[in-house]
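Here is structure-v9.txt, consisting of compact mmCIF, C-alpha atoms:
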```
# COMPACT_ATOMS: atom_id res chain seq x y z
CA MET A 7 -20.48 1.12 32.17
CA THR A 8 -24.04 -0.22 32.22
CA TYR A 9 -27.00 1.95 31.37
CA HIS A 10 -30.54 1.20 32.25
CA ASN A 11 -33.17 2.19 29.72
CA SER A 12 -33.86 5.58 31.25
CA GLU A 13 -30.16 6.50 31.35
CA ILE A 14 -29.41 6.23 27.61
CA PRO A 15 -28.74 9.76 26.32
CA ASN A 16 -31.86 11.09 24.61
CA THR A 17 -30.14 12.36 21.49
CA PRO A 18 -27.53 9.82 20.43
CA ASP A 19 -24.79 11.39 18.32
CA ILE A 20 -25.18 9.37 15.11
CA LYS A 21 -21.89 10.57 13.57
CA ARG A 22 -19.99 9.68 16.75
CA ILE A 23 -21.54 6.23 16.88
CA GLU A 24 -20.60 5.59 13.25
CA ARG A 25 -17.05 6.79 13.87
CA ARG A 26 -16.71 4.44 16.85
CA THR A 27 -17.56 1.47 14.64
CA VAL A 28 -14.74 2.42 12.25
CA ARG A 29 -12.38 2.97 15.17
CA TYR A 30 -13.25 -0.46 16.57
CA GLY A 31 -11.69 -2.12 13.52
CA PHE A 32 -8.32 -0.49 14.16
CA GLU A 33 -8.06 0.07 17.90
CA ASP A 34 -6.70 -3.41 18.69
CA GLY A 35 -3.65 -2.75 16.47
CA ILE A 36 -4.02 -6.08 14.64
CA TYR A 37 -4.19 -4.61 11.12
CA GLU A 38 -1.01 -2.63 11.80
CA ILE A 39 0.79 -5.76 13.02
CA ALA A 40 -0.31 -7.82 10.01
CA PHE A 41 0.44 -5.17 7.38
CA GLY A 42 3.66 -4.19 9.20
CA ALA A 43 4.78 -7.81 8.90
CA PHE A 44 3.87 -7.68 5.20
CA ALA A 45 5.99 -4.53 4.77
CA LEU A 46 8.91 -6.22 6.57
CA ILE A 47 8.73 -9.15 4.15
CA LEU A 48 8.70 -6.73 1.22
CA GLY A 49 11.72 -4.98 2.76
CA LEU A 50 13.57 -8.31 2.94
CA PHE A 51 12.57 -9.00 -0.66
CA PHE A 52 13.95 -5.64 -1.82
CA LEU A 53 17.10 -6.26 0.22
CA GLY A 54 17.59 -9.66 -1.43
CA SER A 55 17.12 -8.09 -4.84
CA ALA A 56 19.57 -5.29 -4.06
CA LEU A 57 22.23 -7.68 -2.78
CA ALA A 58 21.88 -10.34 -5.50
CA PRO A 59 24.51 -10.02 -8.25
CA GLU A 60 23.30 -8.48 -11.50
CA LYS A 61 22.05 -10.96 -14.13
CA SER A 62 22.12 -13.82 -11.61
CA THR A 63 19.26 -16.34 -11.24
CA ALA A 64 18.58 -15.05 -7.75
CA ARG A 65 18.18 -11.52 -9.06
CA PHE A 66 15.83 -12.75 -11.79
CA ILE A 67 13.69 -14.63 -9.22
CA PHE A 68 13.53 -11.56 -6.98
CA ASP A 69 12.53 -9.29 -9.87
CA VAL A 70 9.92 -11.60 -11.36
CA GLY A 71 8.55 -12.57 -7.95
CA LEU A 72 7.79 -9.04 -6.83
CA LEU A 73 4.21 -8.85 -8.10
CA PRO A 74 3.18 -12.31 -6.75
CA VAL A 75 4.76 -11.41 -3.39
CA PHE A 76 2.75 -8.19 -3.37
CA LEU A 77 -0.52 -9.98 -4.10
CA VAL A 78 0.00 -13.07 -1.95
CA GLY A 79 1.46 -10.97 0.86
CA GLY A 80 -1.58 -8.69 0.90
CA TRP A 81 -3.89 -11.70 0.98
CA ALA A 82 -1.84 -13.37 3.74
CA ALA A 83 -1.79 -10.19 5.85
CA ASN A 84 -5.57 -10.00 5.57
CA LYS A 85 -5.89 -13.67 6.57
CA LEU A 86 -3.51 -13.21 9.51
CA SER A 87 -5.42 -10.19 10.80
CA ARG A 88 -8.74 -12.08 10.59
CA SER A 89 -7.32 -15.05 12.44
CA MET A 90 -5.82 -12.82 15.19
CA LYS A 91 -9.09 -10.95 15.56
CA GLN A 92 -10.96 -14.23 15.91
CA ARG A 93 -8.67 -15.30 18.74
CA LEU A 94 -8.08 -12.00 20.53
CA THR A 95 -10.74 -9.41 19.70
CA TYR A 96 -14.07 -11.15 19.16
CA PRO A 97 -14.09 -13.09 22.44
CA ARG A 98 -13.32 -9.87 24.36
CA THR A 99 -15.31 -7.09 22.77
CA GLY A 100 -17.45 -8.75 20.14
CA TYR A 101 -17.64 -9.48 16.47
CA VAL A 102 -18.26 -6.87 13.79
CA ALA A 103 -18.42 -7.45 10.04
CA TYR A 104 -17.98 -4.29 8.01
CA LYS A 105 -20.11 -3.46 5.02
CA ARG A 106 -18.81 -4.51 1.65
CA PRO A 107 -19.26 -1.81 -0.94
CA GLU A 108 -21.86 -2.38 -3.68
CA LYS A 109 -20.73 -4.50 -6.63
CA LYS A 110 -19.98 -1.52 -8.89
CA LYS A 111 -18.01 0.27 -6.17
CA ARG A 112 -16.28 -3.00 -5.27
CA ILE A 113 -15.10 -3.48 -8.85
CA LYS A 114 -13.90 0.13 -8.99
CA LYS A 115 -12.07 -0.29 -5.67
CA ALA A 116 -10.52 -3.60 -6.72
CA LEU A 117 -9.37 -2.07 -10.01
CA LEU A 118 -7.96 0.94 -8.21
CA ALA A 119 -6.20 -1.18 -5.56
CA GLY A 120 -4.95 -3.69 -8.12
CA GLY A 121 -3.84 -0.87 -10.43
CA SER A 122 -2.03 0.95 -7.62
CA ALA A 123 -0.34 -2.26 -6.42
CA GLY A 124 0.60 -3.12 -9.98
CA LEU A 125 1.93 0.38 -10.63
CA VAL A 126 4.04 0.39 -7.46
CA ALA A 127 5.30 -3.14 -8.21
CA ALA A 128 6.04 -2.23 -11.84
CA LEU A 129 7.82 0.98 -10.82
CA ALA A 130 9.83 -0.89 -8.22
CA ALA A 131 10.69 -3.69 -10.67
CA LEU A 132 11.65 -1.15 -13.35
CA PHE A 133 13.70 0.70 -10.80
CA LEU A 134 15.46 -2.46 -9.60
CA VAL A 135 16.11 -3.84 -13.06
CA SER A 136 17.18 -0.77 -15.00
CA LYS A 137 17.98 1.69 -12.24
CA PRO A 138 17.00 4.65 -14.40
CA ALA A 139 18.18 8.07 -13.40
CA GLY A 140 15.56 10.33 -11.88
CA LEU A 141 13.95 7.66 -9.70
CA ASP A 142 16.04 8.45 -6.64
CA GLY A 143 13.01 9.73 -4.83
CA LEU A 144 11.12 6.40 -4.93
CA SER A 145 11.37 5.89 -1.19
CA ALA A 146 10.18 9.49 -0.66
CA PHE A 147 7.26 8.86 -3.03
CA SER A 148 6.41 5.58 -1.26
CA GLY A 149 6.70 7.23 2.15
CA LEU A 150 4.31 10.02 1.20
CA ALA A 151 1.84 7.65 -0.48
CA PHE A 152 1.68 5.31 2.54
CA ALA A 153 1.55 8.29 4.91
CA LEU A 154 -1.49 9.62 3.03
CA ALA A 155 -3.25 6.27 3.37
CA LEU A 156 -2.44 6.15 7.10
CA ILE A 157 -3.67 9.73 7.62
CA PHE A 158 -6.93 8.81 5.91
CA ILE A 159 -7.36 5.85 8.30
CA SER A 160 -6.41 8.01 11.27
CA LEU A 161 -8.98 10.68 10.35
CA ARG A 162 -11.73 8.09 9.88
CA SER A 163 -10.95 6.22 13.08
CA GLY A 164 -9.77 9.12 15.25
CA LEU A 165 -6.71 7.10 16.36
CA VAL A 166 -3.76 9.42 17.06
CA ARG A 167 -1.38 6.44 17.11
CA ILE A 168 -1.94 5.93 13.37
CA ALA A 169 -1.39 9.64 12.63
CA VAL A 170 1.96 9.42 14.43
CA ALA A 171 2.84 6.34 12.34
CA ALA A 172 1.88 8.32 9.21
CA VAL A 173 4.20 11.21 10.08
CA LEU A 174 7.07 8.85 10.90
CA THR A 175 6.49 6.87 7.68
CA ALA A 176 6.65 10.05 5.61
CA ALA A 177 9.77 11.15 7.51
CA ALA A 178 11.42 7.73 6.94
CA GLY A 179 10.64 7.79 3.22
CA VAL A 180 11.83 11.35 2.65
CA GLY A 181 14.82 10.95 5.00
CA LEU A 182 16.03 7.76 3.32
CA SER A 183 15.84 9.38 -0.12
CA PHE A 184 18.63 11.71 1.07
CA ALA A 185 20.74 8.87 2.53
CA GLY A 186 22.70 8.42 -0.68
CA TRP A 187 22.62 4.62 -0.42
CA ALA A 188 22.35 2.26 -3.36
CA ARG A 189 18.78 2.59 -4.64
CA GLY A 190 17.63 -0.96 -3.84
CA LEU A 191 18.98 -0.66 -0.32
CA GLU A 192 17.18 2.64 0.13
CA LEU A 193 13.83 1.05 -0.74
CA ALA A 194 14.55 -2.03 1.37
CA ALA A 195 15.38 0.21 4.32
CA PHE A 196 12.17 2.17 3.81
CA TYR A 197 9.91 -0.91 3.78
CA GLY A 198 11.84 -2.34 6.72
CA ALA A 199 11.47 0.90 8.69
CA MET A 200 7.78 1.23 7.86
CA GLY A 201 7.18 -2.43 8.73
CA LEU A 202 8.89 -2.07 12.10
CA LEU A 203 7.03 1.15 12.76
CA LEU A 204 3.64 -0.39 12.01
CA VAL A 205 4.35 -3.57 14.00
CA LEU A 206 5.51 -1.45 16.95
CA SER A 207 2.49 0.85 16.71
CA GLY A 208 0.20 -2.19 16.45
CA LEU A 209 1.81 -3.91 19.43
CA ILE A 210 1.36 -0.76 21.54
CA GLY A 211 -2.29 -0.65 20.47
CA LEU A 212 -2.79 -4.36 21.14
CA ARG A 213 -1.16 -4.16 24.58
CA GLY A 214 -3.46 -1.32 25.60
CA TYR A 215 -6.49 -3.07 24.12
CA LEU A 216 -5.80 -6.35 25.97
CA ARG A 217 -5.28 -4.46 29.23
CA ARG A 218 -8.52 -2.57 28.86
CA ASN A 219 -10.51 -5.61 27.79
CA PRO A 220 -9.92 -8.80 29.75
CA LEU A 221 -11.70 -11.95 28.58
CA PRO A 222 -15.30 -12.01 29.83
CA GLU A 223 -16.31 -14.90 32.07
CA GLU A 224 -17.48 -18.14 30.49
CA GLY A 225 -21.13 -18.21 29.56
CA SER A 226 -21.51 -14.45 29.47
CA ARG A 227 -22.37 -14.45 25.77
CA MET B 20 -54.89 13.59 16.22
CA THR B 21 -55.23 16.83 14.21
CA ALA B 22 -52.61 17.55 11.57
CA GLY B 23 -50.20 20.24 12.87
CA PRO B 24 -47.10 21.74 11.28
CA TRP B 25 -45.14 18.70 12.48
CA PRO B 26 -46.47 15.34 11.39
CA ILE B 27 -45.67 13.62 14.69
CA GLY B 28 -47.42 10.50 13.50
CA GLU B 29 -44.70 10.07 10.90
CA ILE B 30 -41.99 9.50 13.49
CA ASP B 31 -41.00 5.86 13.56
CA ARG B 32 -41.43 5.10 17.23
CA LEU B 33 -39.72 1.74 16.94
CA ILE B 34 -36.48 3.55 16.04
CA HIS B 35 -37.13 6.75 17.98
CA GLU B 36 -36.61 5.11 21.38
CA PRO B 37 -33.01 6.14 22.34
CA ALA B 38 -31.63 2.66 23.09
CA ARG B 39 -33.05 1.24 19.87
CA LEU B 40 -31.83 4.28 17.93
CA VAL B 41 -28.28 3.54 19.14
CA ILE B 42 -28.65 -0.14 18.18
CA VAL B 43 -30.01 0.68 14.71
CA THR B 44 -27.33 3.37 14.14
CA ILE B 45 -24.58 0.88 14.96
CA LEU B 46 -26.09 -1.79 12.74
CA ASN B 47 -26.54 0.72 9.91
CA ALA B 48 -22.81 1.50 9.98
CA VAL B 49 -21.76 -2.15 9.69
CA ASP B 50 -22.83 -5.28 7.89
CA SER B 51 -23.48 -7.17 11.14
CA ALA B 52 -22.48 -7.15 14.79
CA ASP B 53 -22.81 -9.63 17.61
CA PHE B 54 -24.62 -9.35 20.92
CA LEU B 55 -21.43 -8.74 22.93
CA TYR B 56 -20.39 -5.83 20.72
CA LEU B 57 -23.85 -4.26 20.89
CA GLN B 58 -23.94 -4.72 24.65
CA ARG B 59 -20.57 -3.01 25.11
CA GLU B 60 -21.39 -0.16 22.76
CA THR B 61 -24.85 0.57 24.12
CA GLY B 62 -23.98 -0.07 27.75
CA LEU B 63 -27.35 -1.80 28.19
CA THR B 64 -27.87 -4.77 30.47
CA LYS B 65 -28.28 -8.15 28.77
CA GLY B 66 -31.98 -8.30 29.54
CA ASN B 67 -32.62 -4.80 28.24
CA LEU B 68 -30.63 -5.36 25.07
CA SER B 69 -32.43 -8.65 24.45
CA ALA B 70 -35.80 -6.96 24.84
CA HIS B 71 -34.91 -4.17 22.40
CA LEU B 72 -33.50 -6.62 19.87
CA THR B 73 -36.65 -8.71 20.05
CA LYS B 74 -38.80 -5.62 19.40
CA LEU B 75 -36.68 -4.68 16.40
CA GLN B 76 -36.80 -8.25 15.14
CA ASP B 77 -40.57 -8.41 15.57
CA GLY B 78 -40.86 -5.16 13.60
CA GLY B 79 -38.84 -6.71 10.77
CA TYR B 80 -35.99 -4.22 11.20
CA ILE B 81 -33.27 -6.67 12.18
CA ALA B 82 -32.45 -10.32 11.58
CA ILE B 83 -30.85 -12.38 14.34
CA GLU B 84 -28.74 -15.43 13.62
CA LYS B 85 -27.09 -17.77 16.11
CA THR B 86 -23.82 -19.10 14.74
CA TYR B 87 -20.17 -19.89 15.49
CA LYS B 88 -16.92 -18.13 14.54
CA GLY B 89 -14.34 -20.83 15.12
CA ARG B 90 -15.40 -22.22 18.50
CA ILE B 91 -17.00 -19.01 19.72
CA PRO B 92 -20.80 -18.99 19.79
CA LEU B 93 -22.16 -15.74 18.40
CA THR B 94 -25.55 -14.08 18.24
CA ILE B 95 -25.23 -11.99 15.12
CA CYS B 96 -27.60 -9.11 14.40
CA ARG B 97 -28.04 -7.53 11.00
CA LEU B 98 -30.25 -4.69 9.79
CA THR B 99 -32.75 -5.87 7.18
CA ASP B 100 -33.47 -3.86 4.03
CA GLN B 101 -36.67 -2.72 5.69
CA GLY B 102 -34.67 -1.61 8.74
CA ARG B 103 -32.14 0.29 6.64
CA GLU B 104 -34.92 2.06 4.77
CA ALA B 105 -36.68 2.92 8.03
CA PHE B 106 -33.45 4.36 9.45
CA ARG B 107 -32.85 6.36 6.28
CA ARG B 108 -36.35 7.82 6.48
CA TYR B 109 -35.98 8.55 10.23
CA ARG B 110 -32.69 10.35 9.62
CA GLN B 111 -34.13 12.34 6.75
CA TYR B 112 -37.08 13.37 8.91
CA TRP B 113 -34.79 14.72 11.61
CA GLN B 114 -32.51 16.48 9.17
CA THR B 115 -35.54 18.31 7.74
CA PHE B 116 -36.73 19.07 11.27
CA VAL B 117 -33.35 20.53 12.29
CA LYS B 118 -33.13 22.63 9.11
CA LYS B 119 -36.61 24.08 9.59
CA THR B 120 -36.09 24.91 13.25
CA ARG B 121 -32.73 26.72 12.83
```
This entry written out as structure tokens:
Amino acid sequence: MTYHNSEIPNTPDIKRIERRTVRYGFEDGIYEIAFGAFALILGLFFLGSALAPEKSTARFIFDVGLLPVFLVGGWAANKLSRSMKQRLTYPRTGYVAYKRPEKKKRIKKALLAGGSAGLVAALAALFLVSKPAGLDGLSAFSGLAFALALIFISLRSGLVRIAVAAVLTAAAGVGLSFAGWARGLELAAFYGAMGLLLVLSGLIGLRGYLRRNPLPEEGSR
Amino acid sequence: MTAGPWPIGEIDRLIHEPARLVIVTILNAVDSADFLYLQRETGLTKGNLSAHLTKLQDGGYIAIEKTYKGRIPLTICRLTDQGREAFRRYRQYWQTFVKKTR
């Protein structure tokens, strides 16, 4: 659609415009693919830990390596999504850099994110090492926590696809907590299911995005 | 102009123009955006968008930088501090206006 000057609506809806910019970051499905892949790797990691014999070197490596995998995996997922956006999104519909929060807010956010990641990793490590009673609902807890984050993104972006992924993630987490499997397997299955779900949701989004937005002709920039 | 109940002179006409208001609103929501993104979001023709961007740049409201992301040439636009402040004031003006005319 191309407007001429006189055709631009006289009262632009500022809230709607701002929401569209948030939506733009997620509509190509690339973040879901990247973070889905990250969740799949975590699932494999939990699976390895659950299957490794107790007190073996492999088990020790899996347990100690959880936090680095969390941190490096998050960084790699971010890097992958940037690289995919550079190849697929920017040439089609343009480049957008989102605002970084002010330094104080950034530190708070980093502490919160680092703290949450550390807490989840520590809980998971504790759970895998000592298997204390009363932590059976860890996959349910994880499912609800990730579902909340996805619902927040869905509300901000207005993407129904992400809300559906949130509901299915919560259902997978809660459902698997009733499966009665060995605890490590339960968590591995949850991360695997969530990873697959996010990758699938992202691929659906990406397919639609690429169909709607073919590459513009050379020299049109 | 005589002073009425509405200080019309206070309206920032550089932002008030609908196409430029859309451009400034988009740029206020992000750190920066390129020409292609702005063109798709505003629906303006290239010539029109260029003209509006030049006016905003001349007014000191936006900064334009020509660069590359990988091998892709980009014309990146960013709201300056002056532009952000002008948008904040414009928005505040209209919020007051809407409240008083309810």
Please report as a PyMOL selection string which residues of chain B come no farther than 6 Å from chain A, using all atoms listed in the file.
chain B and resi 37+48-53+55-56+62-63
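When CA of Lys65 (chain B) is paired with CA of Glu223 (chain A), their separation reads 14.1 Å.
Look at region 56-63 of chain A: the protein and nucleic acid residues within 7 Å of it, using all atoms listed in the file and passing over chain neighbours fewer than 3 places away, are Phe52, Leu53, Phe66, Ile67, Gly190 and Leu191 of chain A.
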CA of Ala40 (chain A) to CA of Leu86 (chain A): how many Å, to one decimal?
6.3 Å
Please provide the set of residues having any atom within 12 Å of Ala185 (chain A), restricted to all atoms listed in the file, with same-chain residues fewer than 5 positions apart removed, written as number ranges by chain.
A: 142-143, 145-146, 178-180, 191-193, 195-196
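Distance annotation: of B:Arg110, B:Lys74, B:Arg97, B:Lys118, the residue with the minimal separation from Leu46 (chain B) is B:Arg97; atom set is all atoms listed in the file.
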Dump as a PDB file with C-alpha atoms, in the frame of the given file all residues having an atom at most 8 Å from (12.8, -6.2, 4.7), computed in the file's coordinates with all atoms listed in the file.
```pdb
ATOM      1  CA  ALA A  45       5.990  -4.530   4.770  1.00  0.00           C
ATOM      2  CA  LEU A  46       8.910  -6.220   6.570  1.00  0.00           C
ATOM      3  CA  ILE A  47       8.730  -9.150   4.150  1.00  0.00           C
ATOM      4  CA  LEU A  48       8.700  -6.730   1.220  1.00  0.00           C
ATOM      5  CA  GLY A  49      11.720  -4.980   2.760  1.00  0.00           C
ATOM      6  CA  LEU A  50      13.570  -8.310   2.940  1.00  0.00           C
ATOM      7  CA  PHE A  51      12.570  -9.000  -0.660  1.00  0.00           C
ATOM      8  CA  PHE A  52      13.950  -5.640  -1.820  1.00  0.00           C
ATOM      9  CA  LEU A  53      17.100  -6.260   0.220  1.00  0.00           C
ATOM     10  CA  ALA A 194      14.550  -2.030   1.370  1.00  0.00           C
ATOM     11  CA  ALA A 195      15.380   0.210   4.320  1.00  0.00           C
ATOM     12  CA  TYR A 197       9.910  -0.910   3.780  1.00  0.00           C
ATOM     13  CA  GLY A 198      11.840  -2.340   6.720  1.00  0.00           C
ATOM     14  CA  GLY A 201       7.180  -2.430   8.730  1.00  0.00           C
TER      15      GLY A 201
END
```
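Computed from the coordinates, the CA of Glu38 (chain A) to CA of Arg59 (chain B) distance equals 23.7 Å.
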Residues near region 205-207 of chain A, anyone? I mean within 7 Å using all atoms listed in the file, not counting same-chain ones fewer than 5 positions away, as a PyMOL selection string.
chain A and resi 38-39+42-43+167
